[in-house]
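Comments concern the structure below.
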Amino acid sequence: MIYRRKMMPYDMARSMGSLVDGLWPDNTEETDSQWAPAVDICEKGDSIRFNVELPGIPREDIDIEVSSGVLTIRGEKKMDEEQKGDTWHRREFRYGSFMRSFTLPSEMKADEADASFKDGVLSITIPKEEKALHRKIQIKG
């Protein structure tokens, strides 16, 4: 007969904590590598909107372009300079350059794209060509 000790809530929390700790590296070299910001894409009736999470990045370090039907967003999140005497115990923020590219539908008016940046979120809105808009056709007669 095998005897198994019943796990108490503290034991389960400790066991779960070690599992979660293993998901994120303690090594800063791994967290300094290239990263990709989260993007939400929403299609409305007459446009497509891209919302990109870019907290801590000044607008001057963000580049947006549309070329050959591809929207490309580039930038860099720079690490704060370490001060003499600082002792870091953990660094989980991601730093470095990033690039995200999205193929646009052919019926977009890329030359009329609009971008705004507020509270760390970059919003890019690209209108659709009128011929691409869905509309109801009335029957005459």
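If you're wondering about the labels, chains in the structure tokens are A, B, ... by order shown, residues count from 1 in each chain, ligands from 1 in order shown.
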Need the shell around range 98-105 of chain A: protein/DNA/RNA residues with any atom at most 8 Å away, counting only C-alpha atoms. Skip same-chain ones fewer than 2 positions apart. Format as a list of chain:residue names?
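In the requested form, the answer reads A:Gln34, A:Trp35, A:Ala36, A:Pro37, A:Gly69, A:Val70, A:Leu71, A:Thr72, A:Ile73, A:Arg74, A:Gly75, A:Glu76, A:Gly96, A:Glu107, A:Met108.
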Selection: 7 Å around Val39 in chain A, only C-alpha atoms, excl. self and same-chain fewer than 2 positions, as a list in words
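Within the cut-off, the hits are Pro37, Ile41, Phe50, Asn51, Val52 and Glu53 of chain A.
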Write out, as a PDB file, in the first residue's frame, the residues just selected, with N, CA and C atoms.
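Below is the file result_8.pdb, written as the result:
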```pdb
ATOM      1  N   PRO A  37       4.786  44.096 -29.587  1.00  0.00           N
ATOM      2  CA  PRO A  37       3.672  44.629 -28.803  1.00  0.00           C
ATOM      3  C   PRO A  37       2.351  43.988 -29.230  1.00  0.00           C
ATOM      4  N   ILE A  41      -7.122  44.495 -33.812  1.00  0.00           N
ATOM      5  CA  ILE A  41      -7.554  44.981 -35.130  1.00  0.00           C
ATOM      6  C   ILE A  41      -9.069  44.891 -35.179  1.00  0.00           C
ATOM      7  N   PHE A  50      -6.337  49.765 -36.046  1.00  0.00           N
ATOM      8  CA  PHE A  50      -5.290  48.991 -35.373  1.00  0.00           C
ATOM      9  C   PHE A  50      -4.971  49.715 -34.071  1.00  0.00           C
ATOM     10  N   ASN A  51      -5.082  49.033 -32.949  1.00  0.00           N
ATOM     11  CA  ASN A  51      -4.667  49.573 -31.657  1.00  0.00           C
ATOM     12  C   ASN A  51      -3.449  48.777 -31.203  1.00  0.00           C
ATOM     13  N   VAL A  52      -2.349  49.490 -30.936  1.00  0.00           N
ATOM     14  CA  VAL A  52      -1.084  48.847 -30.589  1.00  0.00           C
ATOM     15  C   VAL A  52      -0.667  49.325 -29.202  1.00  0.00           C
ATOM     16  N   GLU A  53      -0.415  48.373 -28.294  1.00  0.00           N
ATOM     17  CA  GLU A  53       0.028  48.720 -26.941  1.00  0.00           C
ATOM     18  C   GLU A  53       1.511  49.056 -26.961  1.00  0.00           C
TER      19      GLU A  53
END
```
Point-to-point distance in Å for CA of Ile57 in chain A and CA of Arg90 in chain A:
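Going from CA of Arg90 in chain A over to CA of Ile57 in chain A covers 20.8 Å.
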Can you tell me, as a ChimeraX atom specification, what residues are no more than 8 Å from Asp114 in chain A when counting only C-alpha atoms, ignoring any on the same chain fewer than 2 positions away?
/A:112,116,124-126
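Here the question is which of A:Asp40, A:Glu130, A:Glu92, A:Asp119 gets nearest to Gly56 in chain A using only C-alpha atoms, and that residue is A:Asp119.
The shortest atom-to-atom distance to Arg91 in chain A, with only C-alpha atoms taken into account, belongs to A:Met79 out of A:Leu54, A:Leu122, A:Ser47, A:Met79.
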